[in-house]
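Engineer: The structure under discussion is supplied below as structure tokens; questions concerning it will follow.
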Amino acid sequence: MAKKVNSHANSTDTKEQISWRERFAALGNLPAFFRLVWETSPGLFLGNAALRLIRAAIPAATLYVGKLIVDQVVILSRQPGGAGADDTNYLWWLVSAEFGLAILSTALGRAVSLLDGLLGDLFTNKISIRLMEHAATLDLEQFEDATFYDKLERARRQTSGRTVLLSGVFGQVQELISIGFLAAGLAVYNPWLLLLILVAVTPSFIGDNYFNQRSYSLSRSWTPERRELDYIRYIGASDETAKEVKIFGLSGFLIDRFRSLSWEYFRKNRALSISRASWGTVLTALGTAGYYGAYVWIVMRAVSGQISLGDLTFLAGSFRQVRGSLEGILLQFSSLTQEAIYLQDLFDYFAIQPLIHSPGKARPFPNPIREGFVFENVGFKYTNSERWALRNLSFTLHAGEKLALVGENGAGKTTLVKLLARLYDPAEGRILLDGYDLREYDLTALRQNIGVIFQDYTRFKMSAGVNIAVGDIDERTNQPRIETSAQRSLADTVIAKLAGGYDQQLGRSFNKGVELSGGEWQKVALGRAYMRDAQLVILDEPTAALDARAEYEVFQRFAKLTEGRSSVIISHRFSTVRMADRILVLENGTLLEIGSHYELLEKDGRYAELFGLQARGYQ
Ligand SMILES: Nc1ncnc2c1ncn2[C@@H]1O[C@H](COP(=O)(O)OP(=O)(O)OP(=O)(O)O)[C@@H](O)[C@H]1O
């Protein structure tokens, strides 16, 4: 599976240096990016573009009006005897026009930032939702892959940072149009001026590109460490870990780790920032020299009378603006390509496809299940592990049968359950349901028909009712059903004690949240198993935290309520296990023995040994 994940990876995944070709290639992500922005809000997108277009024309227009003003002033001042002072209508009209342009420019600037901000917020929400939607389609195995996590982390960072790219690209286009207007004016006087500008800004452009590339490489190569920093920050200051951090006195250890890791990153980043700032100063000075060279040329032409004073102000102003804008564009270009490369991470993440999915033409799920589940030589190995978690496993879980799984820690019990629910697919052999491979059935139907409560079930920091309703979330408003499920799992007595009843917020993270004890949480989580009419109910050590009386009662009820349905129970308590129709004993991922409690005792094998051990402990 890791191979599959990696095969989607961009080539930049494995190396930290990005070539120019890759930079330009990354720009290919822009159309897809703009499609996403467009889908976010066509209205805001169009409005933004239109306002920016108008704003792009303002600098050239302002400069031109300025030129007309200067020329007019010169004409009027040359009129004999101050006669010009009486003929100022045109002049004032020009001044008002320039004033109007200035006001318009500010207003448009504000409007554009407003639209940028709104569009950016909507876009961030949209990407966050897409991120979650996509995560929901992916395989559990993909989540357990460190490369995947790095990719997910980089993609997640895209959700907030992409608005920079948005206004960046829009700004670029606006600047380009602006330059077009101004350059046209310059070219009328002397096209060489344009060339001079290009030459003047090139050094700082190249320099900036170089440093952007290095900073991207640094940040990318530090993705795992950054994740670790986030993780340490979280466990160093979270309600879930506070207890152990205090008791074991872990804060010093955590802070030291955070300090050394973050300091190392800071050091590397600082070195880069300093050399970037120094080089930036030198290279920009070259650009400034180019500008003043051209300025001298323009001034000399004005002195020799070849151009008017108005022309001088227009040319000098245009030249300064074009240089500034061009420098901005070229600088932005390098950060734009960098942003576009970051975008690649986002699209890479969206491109990861789950390997576990429904077949094109799915077989209808049997209702009721007639024969049951048959494991045929099933073997499974976790991606990040060399060991077989399960191997050569063959047995049948008959329809309506109650099967208990027994085995030492790490024997493979939970793994077996995950294969039944198709959280993973076997690497070897196959699992049949009523004679057909599990992979031939619709995945959603399969999951709907299997209810699993895992030992590491999630304690959702939500209301008590929702914590039960997650067993069948579509029924979350079905209060009678939630309450019946709670009664069946003994959660009703827990909830009766809560001030807010079923609406009581659980966990301390949010306002007025109440924390439950381990056993109380377990009773609530167990309620999830009863929310749906699953044909196969699996409880993976569901009673480990329950007291003896509660456990006995839970299983009595469970046996009664799942009568006629198949169930799998994982437990280390033999008082529970012996209630099952058959018991499957696993050792190191292989089947050691299978049979009823009495059959296995008679056999006097591992089960009998373990049962004897526990029974003696109670004597
Ligand atoms: N996500 C995982 N990635 C890699 N290895 C795993 C993963 N989950 C489990 N394993 C390994 O697979 C083996 C079987 O684990 P499994 O959780 O199925 O055992 P178990 O019988 O349920 O144990 P326990 O009684 O402790 O719950 C163990 O060696 C474990 O280390």
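Letters for chains follow the order of the structure tokens (A, B, ...), residue numbers begin at 1 for each chain, and ligand numbers begin at 1 in the order shown.
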Return as a tab-separated table (two decimals) with N, CA and C atoms, in the first residue's frame the residues of protein, DNA or RNA that approach ligand 1 to within 12 Å, with only C-alpha atoms and all ligand atoms taken into account.
Structural biologist:
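That gives us result_1.tsv:
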```tsv
chain	number	residue	atom	x	y	z
A	139	ASP	N	-8.24	4.66	2.81
A	139	ASP	CA	-8.14	3.44	3.60
A	139	ASP	C	-7.48	3.72	4.94
A	140	LEU	N	-7.84	2.89	5.91
A	140	LEU	CA	-7.22	3.00	7.22
A	140	LEU	C	-5.70	2.86	7.09
A	141	GLU	N	-5.30	1.96	6.22
A	141	GLU	CA	-3.88	1.69	6.04
A	141	GLU	C	-3.14	2.93	5.57
A	142	GLN	N	-3.81	3.72	4.74
A	142	GLN	CA	-3.16	4.93	4.24
A	142	GLN	C	-2.93	5.92	5.39
A	143	PHE	N	-3.82	5.90	6.35
A	143	PHE	CA	-3.65	6.80	7.50
A	143	PHE	C	-2.49	6.37	8.38
A	144	GLU	N	-2.12	5.09	8.27
A	144	GLU	CA	-1.05	4.60	9.14
A	144	GLU	C	0.31	4.74	8.48
A	145	ASP	N	0.33	5.37	7.30
A	145	ASP	CA	1.57	5.49	6.57
A	145	ASP	C	2.16	6.88	6.81
A	146	ALA	N	3.41	6.92	7.24
A	146	ALA	CA	4.01	8.21	7.62
A	146	ALA	C	4.12	9.17	6.42
A	379	GLY	N	-4.02	-14.33	5.06
A	379	GLY	CA	-2.78	-13.77	5.61
A	379	GLY	C	-2.80	-12.26	5.47
A	380	PHE	N	-2.24	-11.57	6.45
A	380	PHE	CA	-2.21	-10.10	6.39
A	380	PHE	C	-0.98	-9.56	7.11
A	381	LYS	N	-0.39	-8.54	6.48
A	381	LYS	CA	0.81	-7.91	7.03
A	381	LYS	C	0.58	-6.41	6.99
A	382	TYR	N	0.85	-5.70	8.07
A	382	TYR	CA	0.71	-4.24	8.05
A	382	TYR	C	1.82	-3.64	7.20
A	383	THR	N	1.49	-2.53	6.54
A	383	THR	CA	2.43	-1.90	5.62
A	383	THR	C	3.78	-1.64	6.27
A	384	ASN	N	3.70	-1.08	7.48
A	384	ASN	CA	4.95	-0.66	8.11
A	384	ASN	C	5.58	-1.77	8.94
A	385	SER	N	5.22	-3.00	8.65
A	385	SER	CA	5.75	-4.09	9.46
A	385	SER	C	6.20	-5.25	8.57
A	386	GLU	N	7.22	-5.93	9.01
A	386	GLU	CA	7.74	-7.09	8.27
A	386	GLU	C	7.01	-8.37	8.66
A	387	ARG	N	6.39	-8.31	9.85
A	387	ARG	CA	5.78	-9.53	10.40
A	387	ARG	C	4.38	-9.76	9.84
A	388	TRP	N	4.05	-11.03	9.70
A	388	TRP	CA	2.66	-11.34	9.33
A	388	TRP	C	1.81	-11.20	10.59
A	389	ALA	N	0.81	-10.33	10.56
A	389	ALA	CA	-0.06	-10.19	11.72
A	389	ALA	C	-1.02	-11.37	11.78
A	390	LEU	N	-1.37	-11.90	10.59
A	390	LEU	CA	-2.19	-13.11	10.49
A	390	LEU	C	-1.63	-13.96	9.36
A	391	ARG	N	-1.68	-15.29	9.50
A	391	ARG	CA	-1.14	-16.14	8.44
A	391	ARG	C	-1.88	-17.47	8.43
A	405	LEU	N	-12.90	-14.64	20.40
A	405	LEU	CA	-11.49	-14.71	19.99
A	405	LEU	C	-10.63	-14.59	21.23
A	406	VAL	N	-9.70	-15.51	21.36
A	406	VAL	CA	-8.83	-15.51	22.52
A	406	VAL	C	-7.39	-15.56	22.04
A	407	GLY	N	-6.52	-14.92	22.76
A	407	GLY	CA	-5.10	-14.98	22.39
A	407	GLY	C	-4.35	-13.93	23.16
A	408	GLU	N	-3.04	-14.10	23.21
A	408	GLU	CA	-2.25	-13.15	23.98
A	408	GLU	C	-2.17	-11.81	23.25
A	409	ASN	N	-1.65	-10.81	23.92
A	409	ASN	CA	-1.52	-9.49	23.29
A	409	ASN	C	-0.72	-9.60	22.00
A	410	GLY	N	-1.26	-8.99	20.97
A	410	GLY	CA	-0.55	-9.00	19.68
A	410	GLY	C	-0.77	-10.26	18.87
A	411	ALA	N	-1.70	-11.15	19.32
A	411	ALA	CA	-1.91	-12.41	18.61
A	411	ALA	C	-2.60	-12.20	17.26
A	412	GLY	N	-3.30	-11.09	17.10
A	412	GLY	CA	-3.94	-10.81	15.81
A	412	GLY	C	-5.46	-10.71	15.88
A	413	LYS	N	-6.02	-10.64	17.08
A	413	LYS	CA	-7.48	-10.65	17.23
A	413	LYS	C	-8.12	-9.41	16.58
A	414	THR	N	-7.59	-8.24	16.93
A	414	THR	CA	-8.18	-7.01	16.37
A	414	THR	C	-7.98	-6.98	14.86
A	415	THR	N	-6.84	-7.47	14.41
A	415	THR	CA	-6.57	-7.48	12.97
A	415	THR	C	-7.63	-8.30	12.23
A	416	LEU	N	-7.98	-9.45	12.83
A	416	LEU	CA	-8.99	-10.31	12.21
A	416	LEU	C	-10.31	-9.55	12.05
A	417	VAL	N	-10.66	-8.82	13.09
A	417	VAL	CA	-11.91	-8.06	13.07
A	417	VAL	C	-11.86	-6.98	11.98
A	418	LYS	N	-10.71	-6.34	11.86
A	418	LYS	CA	-10.58	-5.28	10.86
A	418	LYS	C	-10.72	-5.86	9.45
A	419	LEU	N	-10.26	-7.09	9.27
A	419	LEU	CA	-10.40	-7.71	7.94
A	419	LEU	C	-11.88	-8.02	7.66
A	423	LEU	N	-11.66	-3.05	6.72
A	423	LEU	CA	-10.82	-1.88	6.93
A	423	LEU	C	-9.49	-2.14	6.23
A	424	TYR	N	-9.16	-3.41	6.11
A	424	TYR	CA	-8.04	-3.86	5.28
A	424	TYR	C	-8.53	-5.04	4.46
A	454	PHE	N	-14.66	-0.97	18.85
A	454	PHE	CA	-13.24	-1.29	19.05
A	454	PHE	C	-12.80	-1.00	20.47
A	455	GLN	N	-11.71	-1.63	20.86
A	455	GLN	CA	-11.23	-1.37	22.22
A	455	GLN	C	-10.75	0.07	22.36
A	456	ASP	N	-10.21	0.62	21.27
A	456	ASP	CA	-9.79	2.03	21.34
A	456	ASP	C	-10.85	2.91	20.67
A	539	LEU	N	-17.60	-7.06	19.25
A	539	LEU	CA	-17.17	-6.29	20.42
A	539	LEU	C	-15.72	-6.66	20.73
A	540	ASP	N	-14.85	-5.67	20.58
A	540	ASP	CA	-13.43	-5.91	20.82
A	540	ASP	C	-13.10	-5.43	22.22
A	541	GLU	N	-13.00	-6.34	23.14
A	541	GLU	CA	-12.76	-6.02	24.56
A	541	GLU	C	-13.62	-4.87	25.06
A	542	PRO	N	-14.93	-5.07	24.97
A	542	PRO	CA	-15.82	-3.96	25.28
A	542	PRO	C	-16.04	-3.79	26.77
A	544	ALA	N	-13.59	-4.35	29.27
A	544	ALA	CA	-12.36	-4.33	30.05
A	544	ALA	C	-12.44	-3.36	31.22
A	569	ILE	N	-16.74	-11.78	19.79
A	569	ILE	CA	-16.35	-11.08	21.02
A	569	ILE	C	-14.88	-11.34	21.29
A	570	ILE	N	-14.17	-10.26	21.53
A	570	ILE	CA	-12.78	-10.43	21.92
A	570	ILE	C	-12.70	-10.11	23.39
A	571	SER	N	-12.13	-10.98	24.16
A	571	SER	CA	-12.03	-10.70	25.59
A	571	SER	C	-10.88	-11.49	26.19
A	572	HIS	N	-10.33	-10.92	27.25
A	572	HIS	CA	-9.31	-11.65	27.99
A	572	HIS	C	-9.92	-12.31	29.22
A	573	ARG	N	-11.23	-12.10	29.42
A	573	ARG	CA	-11.87	-12.69	30.60
A	573	ARG	C	-12.60	-13.96	30.21
A	584	LEU	N	-12.14	-19.28	19.34
A	584	LEU	CA	-11.02	-19.44	18.42
A	584	LEU	C	-9.77	-18.93	19.13
A	585	VAL	N	-8.79	-19.78	19.27
A	585	VAL	CA	-7.57	-19.37	19.97
A	585	VAL	C	-6.50	-19.03	18.94
A	586	LEU	N	-6.01	-17.81	19.01
A	586	LEU	CA	-4.99	-17.35	18.07
A	586	LEU	C	-3.64	-17.29	18.77
A	587	GLU	N	-2.61	-17.65	18.03
A	587	GLU	CA	-1.27	-17.47	18.58
A	587	GLU	C	-0.36	-17.01	17.45
A	588	ASN	N	0.31	-15.90	17.66
A	588	ASN	CA	1.20	-15.34	16.64
A	588	ASN	C	0.56	-15.28	15.27
A	589	GLY	N	-0.68	-14.91	15.22
A	589	GLY	CA	-1.35	-14.72	13.93
A	589	GLY	C	-1.87	-15.99	13.30
A	590	THR	N	-1.73	-17.15	13.98
A	590	THR	CA	-2.27	-18.37	13.37
A	590	THR	C	-3.28	-19.02	14.30
A	591	LEU	N	-4.13	-19.84	13.70
A	591	LEU	CA	-5.17	-20.50	14.49
A	591	LEU	C	-4.56	-21.68	15.24
```
Engineer: Which of range 301-532 of chain A end up as strand (DSSP E or B) when DSSP is run on this backbone - answer as a ChimeraX atom specification?
Structural biologist: /A:363,372-381,388-398,402-407,428-433,436-437,441,450-453,463,505-506,514
Engineer: Could you pull the residues within 9 Å of Arg532 in chain A, counting only C-alpha atoms, minus those fewer than 4 positions along the same chain, as an mmCIF file with N, CA and C atoms, in the first residue's frame?
Structural biologist:
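Produced file part.cif, reproduced below:
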```
data_model
loop_
_atom_site.group_PDB
_atom_site.id
_atom_site.type_symbol
_atom_site.label_atom_id
_atom_site.label_comp_id
_atom_site.auth_asym_id
_atom_site.auth_seq_id
_atom_site.Cartn_x
_atom_site.Cartn_y
_atom_site.Cartn_z
ATOM 1 N N GLN A 448 -22.624 -1.306 6.787
ATOM 2 C CA GLN A 448 -23.909 -1.093 7.453
ATOM 3 C C GLN A 448 -24.363 -2.349 8.189
ATOM 4 N N ASN A 449 -23.932 -3.492 7.653
ATOM 5 C CA ASN A 449 -24.385 -4.743 8.235
ATOM 6 C C ASN A 449 -23.457 -5.272 9.318
ATOM 7 N N ILE A 450 -22.369 -4.546 9.539
ATOM 8 C CA ILE A 450 -21.445 -4.965 10.585
ATOM 9 C C ILE A 450 -21.318 -3.841 11.600
ATOM 10 N N GLY A 451 -21.557 -4.161 12.854
ATOM 11 C CA GLY A 451 -21.361 -3.152 13.900
ATOM 12 C C GLY A 451 -20.136 -3.535 14.713
ATOM 13 N N GLY A 471 -23.333 5.241 16.324
ATOM 14 C CA GLY A 471 -23.509 3.868 15.845
ATOM 15 C C GLY A 471 -24.334 3.823 14.564
ATOM 16 N N ASP A 472 -25.212 4.810 14.374
ATOM 17 C CA ASP A 472 -25.981 4.931 13.136
ATOM 18 C C ASP A 472 -26.364 6.407 13.026
ATOM 19 N N GLU A 475 -29.572 8.217 12.284
ATOM 20 C CA GLU A 475 -30.685 8.129 13.241
ATOM 21 C C GLU A 475 -30.474 9.043 14.444
ATOM 22 N N ARG A 528 -23.516 2.196 21.017
ATOM 23 C CA ARG A 528 -23.411 2.335 19.549
ATOM 24 C C ARG A 528 -23.721 1.019 18.843
#
```
Engineer: Restricting the calculation to only C-alpha atoms, which member of A:Gln353, A:Ser217, A:Ser167, A:Gln487 is positioned closest to Phe558 in chain A?
Structural biologist: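 Ranked by minimum distance to Phe558 in chain A, first place goes to A:Gln487.
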Engineer: Report, in Å with one decimal, the straight-line distance from CA of Gly180 in chain A to CA of Ser318 in chain A.
Structural biologist: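 The value is 11.0 Å.
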Engineer: In Å, with one decimal, what is the gap from CA of Pro203 in chain A to CA of Thr337 in chain A?
Structural biologist: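 For CA of Pro203 in chain A relative to CA of Thr337 in chain A, the distance reads 17.7 Å.
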Engineer: Any idea what's packed within 12 Å of Pro480 in chain A, counting only C-alpha atoms, ignoring anything in its chain fewer than 2 positions away? Could you give it as a ChimeraX atom specification?
Structural biologist: /A:465,468-469,475-478,482-487,502,531
Engineer: For the alpha helix (DSSP H) assignment from backbone DSSP, which residues of range 535-591 of chain A qualify? Please present them as a list of chain:residue names.
Structural biologist: A:Ala548, A:Arg549, A:Ala550, A:Glu551, A:Tyr552, A:Glu553, A:Val554, A:Phe555, A:Gln556, A:Arg557, A:Phe558, A:Ala559, A:Lys560, A:Leu561, A:Phe574, A:Ser575, A:Thr576, A:Val577
Engineer: Can you list, as a ChimeraX atom specification, every protein, DNA or RNA residue that comes within 7 Å of Leu94 in chain A when you count only C-alpha atoms, leaving out same-chain residues fewer than 4 positions away?
Structural biologist: /A:65,69,90,98
Engineer: Write a file of the selected residues as a compact mmCIF listing (two decimals), in the first residue's frame, keeping C-alpha atoms.
Structural biologist:
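The resulting part.txt:
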```txt
# COMPACT_ATOMS: atom_id res chain seq x y z
CA VAL A 65 -3.20 63.50 -16.67
CA ILE A 69 -1.25 69.34 -16.14
CA TYR A 90 -8.94 73.40 -18.46
CA GLU A 98 -6.45 63.46 -11.25
```
Engineer: When you draw a straight line from CA of Leu420 in chain A to CA of Thr137 in chain A, how long is it in Å?
Structural biologist: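 These atoms are spaced 18.2 Å apart.
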Engineer: Would you mind listing what lies within 10 Å of Thr396 in chain A as a ChimeraX atom specification, with only C-alpha atoms counted and same-chain residues fewer than 3 positions away left out?
Structural biologist: /A:371-376,399,401,403,431-433
Engineer: Leaving out Ile232 in chain A and any residue of its chain fewer than 5 positions from it, which residues lie within 10 Å of it when counting only C-alpha atoms, given as a list in words?
Structural biologist: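 My list of contacting residues is Arg226, Arg227, Ala237, Ser251, Leu254, Ile255, Arg257 and Phe258 of chain A.
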Engineer: With N, CA and C atoms retained, write the just-selected residues as a PDB file, in the first residue's frame.
Structural biologist:
```pdb
ATOM      1  N   ARG A 226       8.129  19.136  11.824  1.00  0.00           N
ATOM      2  CA  ARG A 226       7.083  20.089  12.161  1.00  0.00           C
ATOM      3  C   ARG A 226       5.872  19.374  12.743  1.00  0.00           C
ATOM      4  N   ARG A 227       5.607  18.172  12.203  1.00  0.00           N
ATOM      5  CA  ARG A 227       4.504  17.393  12.750  1.00  0.00           C
ATOM      6  C   ARG A 227       4.825  17.008  14.185  1.00  0.00           C
ATOM      7  N   ALA A 237       0.314  20.461  26.319  1.00  0.00           N
ATOM      8  CA  ALA A 237      -0.709  21.376  26.825  1.00  0.00           C
ATOM      9  C   ALA A 237      -2.085  20.909  26.400  1.00  0.00           C
ATOM     10  N   SER A 251       6.845  17.395  31.745  1.00  0.00           N
ATOM     11  CA  SER A 251       6.870  18.674  31.030  1.00  0.00           C
ATOM     12  C   SER A 251       8.300  19.078  30.650  1.00  0.00           C
ATOM     13  N   LEU A 254       9.366  17.132  27.643  1.00  0.00           N
ATOM     14  CA  LEU A 254       8.684  17.577  26.424  1.00  0.00           C
ATOM     15  C   LEU A 254       9.205  18.941  25.970  1.00  0.00           C
ATOM     16  N   ILE A 255       9.367  19.834  26.944  1.00  0.00           N
ATOM     17  CA  ILE A 255       9.809  21.184  26.589  1.00  0.00           C
ATOM     18  C   ILE A 255      11.223  21.139  26.001  1.00  0.00           C
ATOM     19  N   ARG A 257      12.620  18.722  24.381  1.00  0.00           N
ATOM     20  CA  ARG A 257      12.545  18.177  23.015  1.00  0.00           C
ATOM     21  C   ARG A 257      12.045  19.271  22.053  1.00  0.00           C
ATOM     22  N   PHE A 258      11.007  19.991  22.503  1.00  0.00           N
ATOM     23  CA  PHE A 258      10.451  21.042  21.659  1.00  0.00           C
ATOM     24  C   PHE A 258      11.495  22.126  21.417  1.00  0.00           C
TER      25      PHE A 258
END
```
Engineer: Which residue, A:Gly168, A:Gly109, A:Gly280, A:Pro359, has the smallest gap to Ile206 in chain A when you use only C-alpha atoms?
Structural biologist: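 Of A:Gly168, A:Gly109, A:Gly280, A:Pro359, the one nearest Ile206 in chain A, counting only C-alpha atoms, is A:Gly280.
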Engineer: From the set A:Ile197, A:Ala60, A:Leu53, A:Leu536, which residue has the shortest atom-to-atom contact distance to Gln174 in chain A, counting only C-alpha atoms?
Structural biologist: A:Leu53
Engineer: Compare A:Val524, A:Leu309, A:Leu438, A:Ala242 by their minimum atom-to-atom distance to Thr458 in chain A, counting only C-alpha atoms, and give me the closest one.
Structural biologist: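 Closest candidate: A:Val524.
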Engineer: In terms of the shortest atom-to-atom distance over only C-alpha atoms, which of A:Ile341, A:Val95, A:Leu397, A:Leu131 is closest to Leu30 in chain A?
Structural biologist: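 Closest candidate: A:Ile341.
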Engineer: Using only C-alpha atoms for the distances, tell me which of A:Thr288, A:Thr576, A:Ser105, A:Gln79 is nearest to Pro59 in chain A.
Structural biologist: A:Ser105
